[in-house]
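Data file: input_10.txt. Format and content: compact mmCIF, C-alpha atoms.
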# COMPACT_ATOMS: atom_id res chain seq x y z
CA MET C 112 0.00 0.00 0.00
CA THR C 113 1.31 3.39 -0.87
CA THR C 114 1.61 5.82 2.07
CA LEU C 115 1.54 9.55 1.92
CA SER C 116 4.18 11.94 3.31
CA ASP C 117 3.56 13.78 6.54
CA ASP C 118 2.19 16.88 4.87
CA PRO C 119 0.27 19.30 7.19
CA SER C 120 -2.26 20.15 4.47
CA GLU C 121 -3.25 16.75 3.19
CA LEU C 122 -5.83 14.05 3.97
CA ALA C 123 -5.95 10.53 2.61
CA VAL C 124 -8.50 7.78 3.37
CA LEU C 125 -9.18 4.34 1.96
CA CYS C 126 -12.90 3.63 1.42
CA ASP C 127 -15.11 0.89 0.06
CA SER C 128 -17.36 1.32 -2.96
CA ASP C 129 -20.11 2.78 -0.76
CA GLY C 130 -17.84 5.49 0.64
CA HIS C 131 -17.37 3.96 4.09
CA VAL C 132 -13.91 4.49 5.59
CA ARG C 133 -11.75 1.38 5.92
CA GLN C 134 -8.53 3.18 6.93
CA ILE C 135 -7.31 6.70 7.54
CA ILE C 136 -3.99 6.71 5.72
CA HIS C 137 -2.96 10.31 6.30
CA ASP C 138 -4.48 13.00 8.49
CA SER C 139 -2.81 16.35 8.90
CA LEU C 140 -6.18 18.13 9.45
CA GLY C 141 -7.17 16.44 12.71
CA VAL C 142 -10.24 14.60 11.48
CA ARG C 143 -9.46 11.38 13.42
CA GLU C 144 -11.26 12.88 16.40
CA TYR C 145 -14.62 12.41 14.69
CA LEU C 146 -13.95 10.13 11.70
CA GLN C 147 -13.61 6.43 12.49
CA PRO C 148 -13.32 3.31 10.29
CA GLY C 149 -16.83 2.31 9.20
CA ASP C 150 -18.08 5.89 9.01
CA SER C 151 -19.06 7.43 5.69
CA TRP C 152 -16.31 9.75 4.56
CA THR C 153 -19.04 12.32 3.73
CA ILE C 154 -19.40 13.22 7.43
CA LEU C 155 -16.23 15.24 6.88
CA LEU C 156 -18.07 17.46 4.43
CA ASP C 157 -20.48 20.35 4.69
CA VAL C 158 -24.08 19.11 4.32
CA GLY C 159 -24.39 20.91 1.01
CA ASN C 160 -21.65 18.70 -0.49
CA VAL C 161 -23.00 15.26 0.50
CA GLN C 162 -24.80 14.57 -2.76
CA LYS C 163 -21.81 15.76 -4.75
CA ALA C 164 -19.52 13.46 -2.69
CA THR C 165 -21.69 10.47 -3.58
CA ALA C 166 -21.28 11.34 -7.25
CA PHE C 167 -17.51 11.60 -6.69
CA ILE C 168 -17.36 8.00 -5.37
CA THR C 169 -19.55 6.86 -8.29
CA ALA C 170 -17.15 8.52 -10.76
CA ILE C 171 -14.19 6.65 -9.20
CA ASP C 172 -16.11 3.40 -9.41
CA LEU C 173 -17.09 3.88 -13.06
CA ARG C 174 -13.82 5.39 -14.41
CA GLY C 175 -11.24 4.09 -11.98
CA LYS C 176 -10.14 7.62 -11.15
CA ALA C 177 -11.50 11.11 -10.49
CA VAL C 178 -9.64 14.45 -10.42
CA GLY C 179 -10.53 18.08 -9.80
CA TRP C 180 -13.40 17.77 -7.33
CA GLU C 181 -13.73 20.51 -4.72
CA PHE C 182 -15.51 20.02 -1.40
CA ASN C 183 -15.97 22.07 1.75
CA VAL C 184 -14.55 20.07 4.69
CA ASP C 185 -16.15 20.75 8.07
CA LEU C 186 -13.24 20.95 10.56
CA ARG C 187 -15.64 21.85 13.41
CA HIS C 188 -14.00 25.17 14.08
CA ARG C 189 -13.93 26.18 10.41
CA ILE C 190 -14.94 25.18 6.88
CA GLU C 191 -11.89 24.34 4.74
CA PRO C 192 -12.20 24.09 0.92
CA LEU C 193 -10.14 21.17 -0.42
CA ARG C 194 -9.44 19.82 -3.87
CA PHE C 195 -9.95 16.04 -4.09
CA ALA C 196 -8.79 13.26 -6.34
CA GLY C 197 -9.50 9.56 -6.16
CA SER C 198 -8.37 6.24 -7.56
CA LYS C 199 -9.65 2.68 -7.49
CA THR C 200 -6.98 0.34 -6.02
CA PRO C 201 -7.03 -3.35 -5.12
CA GLU C 202 -7.38 -2.33 -1.45
CA GLY C 203 -10.33 -0.01 -2.13
CA PHE C 204 -10.99 3.57 -3.16
CA LEU C 205 -8.16 5.93 -2.28
CA VAL C 206 -9.48 9.45 -1.65
CA VAL C 207 -6.98 12.30 -1.31
CA GLY C 208 -7.68 15.92 -0.43
CA ALA C 209 -5.41 18.98 -0.04
CA THR C 210 -5.76 22.64 0.98
CA ASP C 211 -3.23 23.78 -1.62
CA PRO C 212 -4.63 22.99 -5.07
CA ALA C 213 -1.33 23.54 -6.87
CA MET C 214 0.61 21.17 -4.65
CA SER C 215 -2.17 18.60 -4.44
CA LEU C 216 -2.63 18.35 -8.19
CA SER C 217 1.12 17.64 -8.67
CA ARG C 218 1.07 14.94 -6.03
CA TYR C 219 -2.11 13.13 -7.19
CA ILE C 220 -0.39 11.63 -10.22
CA ALA C 221 2.59 10.27 -8.25
CA ARG C 222 0.83 9.08 -5.12
CA ILE C 223 -2.46 7.39 -6.08
CA GLU C 224 -0.93 3.93 -6.70
CA SER C 225 1.24 5.42 -9.38
CA THR C 226 -1.85 5.71 -11.65
CA GLU C 227 -1.21 7.91 -14.70
CA LEU C 228 -3.82 10.66 -14.80
CA THR C 229 -3.77 12.07 -18.29
CA SER C 230 -6.70 14.49 -17.92
CA PRO C 231 -8.93 15.71 -15.17
CA ASP C 232 -12.62 14.83 -14.95
CA GLU C 233 -15.30 17.34 -15.82
CA PRO C 234 -14.67 20.65 -14.13
CA ALA C 235 -16.23 21.07 -10.74
CA TRP C 236 -18.30 24.05 -11.95
CA LEU C 237 -20.07 21.73 -14.39
CA PHE C 238 -21.02 19.36 -11.62
CA ASP C 239 -22.06 22.32 -9.48
CA GLU C 240 -24.33 23.47 -12.31
CA ILE C 241 -25.75 19.98 -12.70
CA THR C 242 -26.27 19.83 -8.95
CA ARG C 243 -28.02 23.22 -9.01
CA ILE C 244 -30.30 22.10 -11.85
CA ASN C 245 -30.98 18.86 -10.04
CA ASN C 246 -31.86 20.78 -6.88
CA GLU C 247 -34.19 23.01 -8.90
CA LEU C 248 -35.82 19.93 -10.38
CA ILE C 249 -36.23 18.55 -6.88
CA ASN C 250 -37.84 21.82 -5.81
CA VAL C 251 -40.07 21.80 -8.87
CA LYS C 252 -41.05 18.23 -8.12
CA ARG C 253 -41.75 19.21 -4.52
CA ASP C 254 -43.92 22.10 -5.71
CA LEU C 255 -45.69 19.84 -8.18
CA ASN C 256 -46.33 17.30 -5.45
CA LYS C 257 -47.68 20.07 -3.24
CA LYS C 258 -49.92 21.42 -6.01
CA ASN C 259 -51.00 17.90 -6.88
CA SER C 260 -51.94 17.37 -3.26
CA GLN C 261 -53.89 20.63 -3.31
CA LEU C 262 -55.56 19.62 -6.57
CA THR C 263 -56.46 16.25 -5.09
CA GLN C 264 -57.98 18.01 -2.11
CA LEU C 265 -59.87 20.43 -4.35
CA THR C 266 -61.14 17.51 -6.42
CA ALA C 267 -62.28 15.72 -3.29
CA ASP C 268 -64.02 18.89 -2.06
CA LEU C 269 -65.65 19.39 -5.45
CA GLU C 270 -66.84 15.79 -5.56
CA LYS C 271 -68.25 16.20 -2.08
CA ARG C 272 -70.05 19.39 -3.05
CA VAL C 273 -71.37 17.77 -6.24
CA LYS C 274 -72.68 14.81 -4.25
CA GLU C 275 -74.29 17.12 -1.71
CA ARG C 276 -75.82 19.29 -4.43
CA THR C 277 -76.99 16.22 -6.35
CA ALA C 278 -78.61 14.90 -3.19
CA GLU C 279 -80.30 18.28 -2.67
CA LEU C 280 -81.54 18.33 -6.28
CA GLU C 281 -82.84 14.78 -5.99
CA ALA C 282 -84.63 15.68 -2.79
CA THR C 283 -86.06 18.81 -4.41
CA ASN C 284 -87.10 16.80 -7.46
CA GLN C 285 -88.84 14.26 -5.25
CA ARG C 286 -90.63 17.03 -3.39
CA LEU C 287 -91.62 18.67 -6.68
CA HIS C 288 -92.81 15.35 -8.08
CA GLN C 289 -94.86 14.71 -4.97
CA SER C 290 -96.19 18.27 -5.11
CA ILE C 291 -97.29 17.73 -8.72
CA ILE C 292 -99.00 14.49 -7.76
CA ASP C 293 -100.70 16.14 -4.78
CA ARG C 294 -101.76 19.10 -6.90
CA ALA C 295 -103.11 16.83 -9.63
CA ARG C 296 -105.10 14.90 -7.03
CA ALA C 297 -106.38 18.12 -5.50
CA GLU C 298 -107.35 19.47 -8.92
CA GLU C 299 -109.05 16.21 -9.81
CA LYS C 300 -110.93 16.30 -6.52
CA ALA C 301 -111.85 19.96 -7.03
CA PHE C 302 -112.92 19.24 -10.62
CA HIS C 303 -115.05 16.36 -9.42
CA SER C 304 -116.59 18.56 -6.74
CA GLU C 305 -117.18 21.38 -9.22
CA ARG C 306 -118.65 18.93 -11.68
CA LEU C 307 -121.02 17.58 -9.06
CA ALA C 308 -121.91 21.13 -8.07
CA ALA C 309 -122.47 22.08 -11.72
CA VAL C 310 -124.62 19.00 -12.25
CA GLY C 311 -126.60 19.86 -9.14
CA THR C 312 -127.04 23.46 -10.26
CA THR C 313 -128.02 22.36 -13.76
CA VAL C 314 -130.55 19.84 -12.47
CA ALA C 315 -131.99 22.44 -10.10
CA LYS C 316 -132.20 24.98 -12.94
CA ILE C 317 -133.84 22.49 -15.30
CA ALA C 318 -136.26 21.38 -12.59
CA HIS C 319 -137.15 25.02 -11.86
CA GLU C 320 -137.64 25.91 -15.52
CA LEU C 321 -139.71 22.81 -16.22
CA ALA C 322 -141.73 23.18 -13.02
CA ASN C 323 -143.09 26.61 -13.99
CA PRO C 324 -144.89 25.58 -17.20
CA ILE C 325 -145.91 22.24 -15.70
CA ASN C 326 -147.47 23.98 -12.68
CA ALA C 327 -149.16 26.48 -14.98
CA ILE C 328 -150.55 23.66 -17.16
CA TYR C 329 -151.73 21.75 -14.08
CA ALA C 330 -153.44 24.85 -12.67
CA GLY C 331 -155.05 25.53 -16.05
CA VAL C 332 -156.38 21.99 -16.31
CA GLN C 333 -157.84 22.23 -12.77
CA LEU C 334 -159.47 25.57 -13.61
CA ALA C 335 -160.85 24.13 -16.85
CA GLY C 336 -162.41 21.31 -14.81
CA LEU C 337 -164.10 23.86 -12.57
CA PHE C 338 -165.41 25.74 -15.61
CA LEU C 339 -166.85 22.51 -17.00
CA GLU C 340 -168.73 21.87 -13.73
CA GLU C 341 -170.54 25.22 -13.94
CA PRO C 342 -174.09 25.10 -15.27
CA GLN C 343 -173.29 27.57 -17.97
CA ILE C 344 -169.83 27.39 -19.49
CA LYS C 345 -168.30 30.75 -20.28
CA ARG C 346 -166.75 30.02 -23.66
CA ASP C 347 -164.53 33.10 -23.80
CA ARG C 348 -162.89 32.33 -20.45
CA LEU C 349 -162.41 28.67 -21.42
CA THR C 350 -160.92 29.69 -24.76
CA SER C 351 -158.49 32.05 -23.04
CA LEU C 352 -157.53 29.32 -20.55
CA ILE C 353 -156.90 26.81 -23.33
CA ALA C 354 -154.71 29.38 -25.08
CA ASP C 355 -152.70 29.88 -21.88
CA VAL C 356 -152.25 26.13 -21.47
CA LYS C 357 -151.20 25.82 -25.10
CA GLY C 358 -148.66 28.61 -24.56
CA GLU C 359 -147.20 26.83 -21.56
CA PHE C 360 -147.04 23.60 -23.57
CA ASN C 361 -145.10 25.48 -26.28
CA ARG C 362 -142.80 26.96 -23.64
CA LEU C 363 -142.17 23.52 -22.19
CA LYS C 364 -141.51 22.16 -25.67
CA SER C 365 -139.05 25.00 -26.32
CA LEU C 366 -137.20 24.32 -23.07
CA LEU C 367 -136.94 20.62 -23.84
CA GLU C 368 -135.73 21.39 -27.36
CA GLU C 369 -133.01 23.70 -25.97
CA LEU C 370 -131.94 21.03 -23.51
CA ARG C 371 -131.83 18.40 -26.25
CA SER C 372 -129.75 20.70 -28.47
CA SER C 373 -127.27 21.39 -25.69
CA THR C 374 -126.67 17.73 -24.86
CA SER C 375 -126.81 15.99 -28.24
CA LYS C 376 -123.73 15.61 -30.39
CA ARG C 377 -124.34 17.74 -33.44
CA LYS C 378 -123.33 16.66 -36.94
CA LEU C 379 -123.26 19.25 -39.68
CA LYS C 380 -124.81 18.72 -43.09
CA LEU C 381 -122.68 20.98 -45.25
CA GLU C 382 -124.04 22.39 -48.50
CA PRO C 383 -123.76 25.68 -50.44
CA THR C 384 -125.58 28.23 -48.29
CA ASP C 385 -126.69 31.80 -49.10
CA LEU C 386 -126.65 33.70 -45.80
CA ARG C 387 -128.61 36.62 -47.22
CA ALA C 388 -131.43 34.37 -48.43
CA LEU C 389 -131.40 32.48 -45.12
CA THR C 390 -131.69 35.79 -43.22
CA GLU C 391 -134.57 37.08 -45.38
CA LYS C 392 -136.48 33.83 -44.92
CA LEU C 393 -136.16 34.01 -41.12
CA LEU C 394 -137.17 37.68 -41.02
CA SER C 395 -140.23 36.92 -43.14
CA LEU C 396 -141.37 34.26 -40.65
CA GLN C 397 -140.77 36.54 -37.67
CA ALA C 398 -142.20 39.71 -39.25
CA ILE C 399 -145.52 39.57 -37.33
CA VAL C 400 -143.72 39.03 -34.00
CA TYR C 401 -141.38 41.96 -34.62
CA GLU C 402 -144.29 44.19 -35.64
CA GLN C 403 -146.20 43.34 -32.44
CA LYS C 404 -143.13 44.10 -30.33
CA ARG C 405 -142.51 47.38 -32.23
CA ILE C 406 -139.16 46.22 -33.61
CA ILE C 407 -137.90 47.97 -36.75
CA VAL C 408 -135.68 45.70 -38.87
CA PHE C 409 -132.82 46.90 -41.10
CA GLU C 410 -130.83 44.77 -43.56
CA GLU C 411 -127.35 45.77 -44.75
CA PHE C 412 -125.90 43.04 -46.96
CA GLU C 413 -123.28 43.34 -49.68
CA SER C 414 -124.72 42.64 -53.10
CA ASP C 415 -121.92 40.21 -53.98
CA LEU C 416 -121.97 38.23 -50.75
CA PRO C 417 -120.76 34.73 -51.71
CA LYS C 418 -122.23 31.41 -50.70
CA ILE C 419 -120.34 29.26 -48.22
CA MET C 420 -120.30 25.58 -47.34
CA ALA C 421 -122.45 25.41 -44.20
CA ASP C 422 -125.34 23.69 -42.47
CA GLY C 423 -128.29 25.96 -43.29
CA ASP C 424 -130.56 24.64 -40.51
CA ALA C 425 -127.79 25.08 -37.90
CA LEU C 426 -127.06 28.65 -39.03
CA THR C 427 -130.80 29.41 -38.97
CA GLN C 428 -130.77 28.37 -35.30
CA VAL C 429 -127.77 30.69 -34.72
CA LEU C 430 -129.61 33.66 -36.29
CA LEU C 431 -132.87 32.80 -34.50
CA ASN C 432 -131.16 32.75 -31.09
CA LEU C 433 -129.27 36.00 -31.74
CA CYS C 434 -132.41 37.78 -32.95
CA LYS C 435 -134.45 36.37 -30.03
CA ASN C 436 -131.92 37.72 -27.52
CA ALA C 437 -131.88 41.08 -29.34
CA VAL C 438 -135.68 41.39 -29.21
CA GLU C 439 -135.77 40.42 -25.53
CA ALA C 440 -133.25 43.21 -24.83
CA MET C 441 -135.76 45.74 -26.30
CA PRO C 442 -139.03 45.19 -24.35
CA ALA C 443 -140.25 48.67 -25.30
CA GLY C 444 -139.29 48.28 -28.95
CA GLY C 445 -136.25 49.38 -30.91
CA SER C 446 -134.16 48.65 -33.98
CA LEU C 447 -132.75 45.31 -35.14
CA THR C 448 -130.00 45.51 -37.78
CA LEU C 449 -128.58 42.54 -39.68
CA ARG C 450 -125.42 42.96 -41.76
CA GLY C 451 -123.44 40.76 -44.10
CA SER C 452 -119.97 41.43 -45.55
CA HIS C 453 -116.94 39.47 -46.68
CA SER C 454 -113.20 39.57 -47.28
CA ARG C 455 -110.92 37.18 -49.11
CA ASP C 456 -110.77 34.78 -46.14
CA HIS C 457 -113.88 35.41 -44.06
CA LEU C 458 -117.59 36.12 -44.27
CA VAL C 459 -118.98 38.31 -41.45
CA TRP C 460 -122.53 38.16 -40.13
CA GLU C 461 -123.67 40.79 -37.60
CA VAL C 462 -126.79 41.18 -35.46
CA SER C 463 -127.18 44.55 -33.70
CA ASP C 464 -129.88 45.86 -31.36
CA SER C 465 -130.59 49.15 -29.61
CA GLY C 466 -131.43 47.51 -26.31
CA SER C 467 -130.18 47.75 -22.76
CA GLY C 468 -126.77 46.20 -23.45
CA ILE C 469 -124.81 43.58 -21.49
CA ALA C 470 -123.30 44.39 -18.12
CA GLU C 471 -119.58 43.86 -17.57
CA GLY C 472 -118.37 40.66 -15.88
CA ILE C 473 -121.03 38.41 -17.41
CA ASP C 474 -120.03 35.38 -19.47
CA VAL C 475 -122.91 35.27 -21.92
CA PHE C 476 -121.68 31.98 -23.41
CA LYS C 477 -121.63 30.08 -20.11
CA PRO C 478 -124.39 27.41 -20.08
CA PHE C 479 -127.22 27.85 -17.55
CA ASP C 480 -125.92 31.28 -16.51
CA THR C 481 -128.52 33.94 -17.31
CA THR C 482 -129.91 37.18 -15.91
CA LYS C 483 -133.28 36.69 -17.63
CA SER C 484 -136.40 35.74 -15.72
CA LYS C 485 -137.25 33.16 -18.39
CA GLY C 486 -135.09 30.67 -20.26
CA MET C 487 -132.32 28.27 -19.29
CA GLY C 488 -129.35 30.32 -20.43
CA ILE C 489 -128.07 27.83 -23.01
CA GLY C 490 -129.04 29.63 -26.23
CA LEU C 491 -125.71 31.42 -26.75
CA ALA C 492 -123.78 28.32 -25.67
CA ILE C 493 -125.51 26.46 -28.51
CA VAL C 494 -124.73 29.35 -30.88
CA ARG C 495 -121.03 29.25 -30.03
CA GLU C 496 -120.91 25.46 -30.47
CA ILE C 497 -122.48 25.69 -33.95
CA VAL C 498 -120.13 28.49 -35.01
CA SER C 499 -117.10 26.51 -33.72
CA LEU C 500 -118.20 23.45 -35.70
CA HIS C 501 -118.11 25.67 -38.80
CA ARG C 502 -114.51 26.63 -37.84
CA GLY C 503 -115.73 30.15 -37.18
CA GLU C 504 -115.64 32.63 -34.32
CA ILE C 505 -118.29 34.64 -32.47
CA THR C 506 -117.60 37.85 -30.54
CA TYR C 507 -119.65 40.76 -29.29
CA THR C 508 -119.41 44.40 -28.28
CA SER C 509 -121.89 46.05 -25.98
CA GLU C 510 -122.54 49.47 -24.48
CA PRO C 511 -125.00 49.60 -21.56
CA GLY C 512 -128.05 51.65 -22.51
CA ARG C 513 -127.17 51.80 -26.20
CA GLY C 514 -127.21 48.20 -27.44
CA THR C 515 -125.19 45.12 -28.40
CA THR C 516 -123.66 43.74 -31.60
CA PHE C 517 -122.83 40.05 -32.06
CA ARG C 518 -120.32 39.32 -34.82
CA VAL C 519 -120.04 35.87 -36.42
CA SER C 520 -116.98 35.26 -38.62
CA LEU C 521 -117.00 32.18 -40.87
CA PRO C 522 -114.35 30.85 -43.29
CA ALA C 523 -115.15 32.11 -46.81
CA ASN C 524 -115.09 29.64 -49.67
CA ASN C 525 -116.68 31.33 -52.67
CA LEU C 526 -118.82 28.96 -54.69
CA ASP C 527 -120.24 31.48 -57.16
Target encoding structure tokens, full file:
Amino acid sequence: MTTLSDDPSELAVLCDSDGHVRQIIHDSLGVREYLQPGDSWTILLDVGNVQKATAFITAIDLRGKAVGWEFNVDLRHRIEPLRFAGSKTPEGFLVVGATDPAMSLSRYIARIESTELTSPDEPAWLFDEITRINNELINVKRDLNKKNSQLTQLTADLEKRVKERTAELEATNQRLHQSIIDRARAEEKAFHSERLAAVGTTVAKIAHELANPINAIYAGVQLAGLFLEEPQIKRDRLTSLIADVKGEFNRLKSLLEELRSSTSKRKLKLEPTDLRALTEKLLSLQAIVYEQKRIIVFEEFESDLPKIMADGDALTQVLLNLCKNAVEAMPAGGSLTLRGSHSRDHLVWEVSDSGSGIAEGIDVFKPFDTTKSKGMGIGLAIVREIVSLHRGEITYTSEPGRGTTFRVSLPANNLD
């Protein structure tokens, strides 16, 4: 084994491949006090040089020699920078350090088992740069790990919030679903109750309307029986009574006909229909009635009013009901005006009166809802149904004290 001279500025140790000291060959720095065989030679170094020292041992192992490495040696009372060289020998790794770089470099070649060192290893500044980059990468990795941990936590928090919100939405959806079911049941129950109430009201109305003429007929028949029991029958009184009974029979027949019309499913018999001719025919039949009630009738029809495909009998019922309501609104007499006009798409039929008008808030088309003392209140409901079956529309305008105008608009299909 080669031994080193007793130089006050040199250190030489023999290590194994892991950097553990087997033998302190030369110590002029006083490191024996804290460096013993078996210890890692890196305990001599400043903590910032430990990783670099490991690389130094690796370089010796891979290349057989290493030159030009600088380390800071911790001498307890001071930090001493030394230049190191190393060589692989049969006895182990010989590591030599010196405080005087110039002297140490000249001795390395002669003393490390006479190994010829032709060129130094990479400069120490290169390794320092690599070490710095490596440390930065370590710091970057540490930061990435930290951010990854934060991201993982954020993801976990987000998943938790999503689960909580999903649970809230599901609960809200269940409550909404149940609310819809409850509301549907309540509406169905209310509809059923309203339907029963409407049926009850309708039955009561029908019973009331039918009872009046029936009672009048019954009373008339009883009175006729009394007249017949008298010794001398007064023909004029009996004739008047029979006329009254006949009138009540006609009224009862009219009520039953209205009820039948409101409940039966109507089927239209469409054919070319002249509304002007239909109107004139109805007015001719009702002329005596209008004259007795002091109603003055006006007709305002366009000369080129086209025919339309319609059910003539059904439209006659529409006009009859509208005119009947108009006359009833003028008990002291007045004017009844019927108009007919057309555009490219529609034919318009109007019935106007100078009567008392319709008060606000009244639905004139609602069945069995009437302000009249007589009638069942289903005439205009029937009118609207017939107009709807013709794919038409009925509206009205009214001014209390000045009269009402009903306007029927029907699809125009010119057949002339």
Selected residue, from C:Gly203, C:Asn246, C:Gln264, C:Cys126, that lies nearest to C:Lys163 when counting only C-alpha atoms
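Answer, going by the shortest atom-to-atom distance: C:Asn246.
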Extending 4 Å beyond the listed atoms of stretch 453-459 of chain C on each side, what axis-aligned box results? I want centre and edge lengths in Å to one decimal, as AutoDock Vina command-line options.
--center_x -114.9 --center_y 37.2 --center_z -45.3 --size_x 16.2 --size_y 12.8 --size_z 15.7
Taken to one decimal, the atom CA of C:Arg450-atom CA of C:Asp385 distance is 13.4 Å
Could you list, as an mmCIF file with C-alpha atoms, in the frame of the given file, every residue within 10 Å of stretch 413-429 of chain C, counting all atoms listed in the file and ignoring same-chain residues fewer than 2 positions away?
data_model
loop_
_atom_site.group_PDB
_atom_site.id
_atom_site.type_symbol
_atom_site.label_atom_id
_atom_site.label_comp_id
_atom_site.auth_asym_id
_atom_site.auth_seq_id
_atom_site.Cartn_x
_atom_site.Cartn_y
_atom_site.Cartn_z
ATOM 1 C CA ARG C 377 -124.340 17.740 -33.440
ATOM 2 C CA LYS C 378 -123.330 16.660 -36.940
ATOM 3 C CA LEU C 379 -123.260 19.250 -39.680
ATOM 4 C CA LYS C 380 -124.810 18.720 -43.090
ATOM 5 C CA LEU C 381 -122.680 20.980 -45.250
ATOM 6 C CA GLU C 382 -124.040 22.390 -48.500
ATOM 7 C CA PRO C 383 -123.760 25.680 -50.440
ATOM 8 C CA THR C 384 -125.580 28.230 -48.290
ATOM 9 C CA ASP C 385 -126.690 31.800 -49.100
ATOM 10 C CA LEU C 386 -126.650 33.700 -45.800
ATOM 11 C CA ARG C 387 -128.610 36.620 -47.220
ATOM 12 C CA ALA C 388 -131.430 34.370 -48.430
ATOM 13 C CA LEU C 389 -131.400 32.480 -45.120
ATOM 14 C CA THR C 390 -131.690 35.790 -43.220
ATOM 15 C CA LYS C 392 -136.480 33.830 -44.920
ATOM 16 C CA LEU C 393 -136.160 34.010 -41.120
ATOM 17 C CA GLU C 410 -130.830 44.770 -43.560
ATOM 18 C CA GLU C 411 -127.350 45.770 -44.750
ATOM 19 C CA LEU C 431 -132.870 32.800 -34.500
ATOM 20 C CA ASN C 432 -131.160 32.750 -31.090
ATOM 21 C CA LEU C 433 -129.270 36.000 -31.740
ATOM 22 C CA CYS C 434 -132.410 37.780 -32.950
ATOM 23 C CA LYS C 435 -134.450 36.370 -30.030
ATOM 24 C CA ARG C 450 -125.420 42.960 -41.760
ATOM 25 C CA GLY C 451 -123.440 40.760 -44.100
ATOM 26 C CA SER C 452 -119.970 41.430 -45.550
ATOM 27 C CA HIS C 453 -116.940 39.470 -46.680
ATOM 28 C CA SER C 454 -113.200 39.570 -47.280
ATOM 29 C CA HIS C 457 -113.880 35.410 -44.060
ATOM 30 C CA LEU C 458 -117.590 36.120 -44.270
ATOM 31 C CA VAL C 459 -118.980 38.310 -41.450
ATOM 32 C CA GLY C 490 -129.040 29.630 -26.230
ATOM 33 C CA LEU C 491 -125.710 31.420 -26.750
ATOM 34 C CA ILE C 493 -125.510 26.460 -28.510
ATOM 35 C CA VAL C 494 -124.730 29.350 -30.880
ATOM 36 C CA ARG C 495 -121.030 29.250 -30.030
ATOM 37 C CA GLU C 496 -120.910 25.460 -30.470
ATOM 38 C CA ILE C 497 -122.480 25.690 -33.950
ATOM 39 C CA VAL C 498 -120.130 28.490 -35.010
ATOM 40 C CA LEU C 500 -118.200 23.450 -35.700
ATOM 41 C CA HIS C 501 -118.110 25.670 -38.800
ATOM 42 C CA VAL C 519 -120.040 35.870 -36.420
ATOM 43 C CA LEU C 521 -117.000 32.180 -40.870
ATOM 44 C CA PRO C 522 -114.350 30.850 -43.290
ATOM 45 C CA ALA C 523 -115.150 32.110 -46.810
ATOM 46 C CA ASN C 524 -115.090 29.640 -49.670
ATOM 47 C CA ASN C 525 -116.680 31.330 -52.670
ATOM 48 C CA LEU C 526 -118.820 28.960 -54.690
ATOM 49 C CA ASP C 527 -120.240 31.480 -57.160
#
For atom CA of C:Val475 and atom CA of C:Arg405, the interatomic separation in Å (one decimal) =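 Atom CA of C:Arg405 lies at a distance of 25.2 Å from atom CA of C:Val475.
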Distance atom CA of C:Ser139-atom CA of C:Leu122, one decimal place?
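Between atom CA of C:Ser139 and atom CA of C:Leu122 the gap works out to 6.2 Å.
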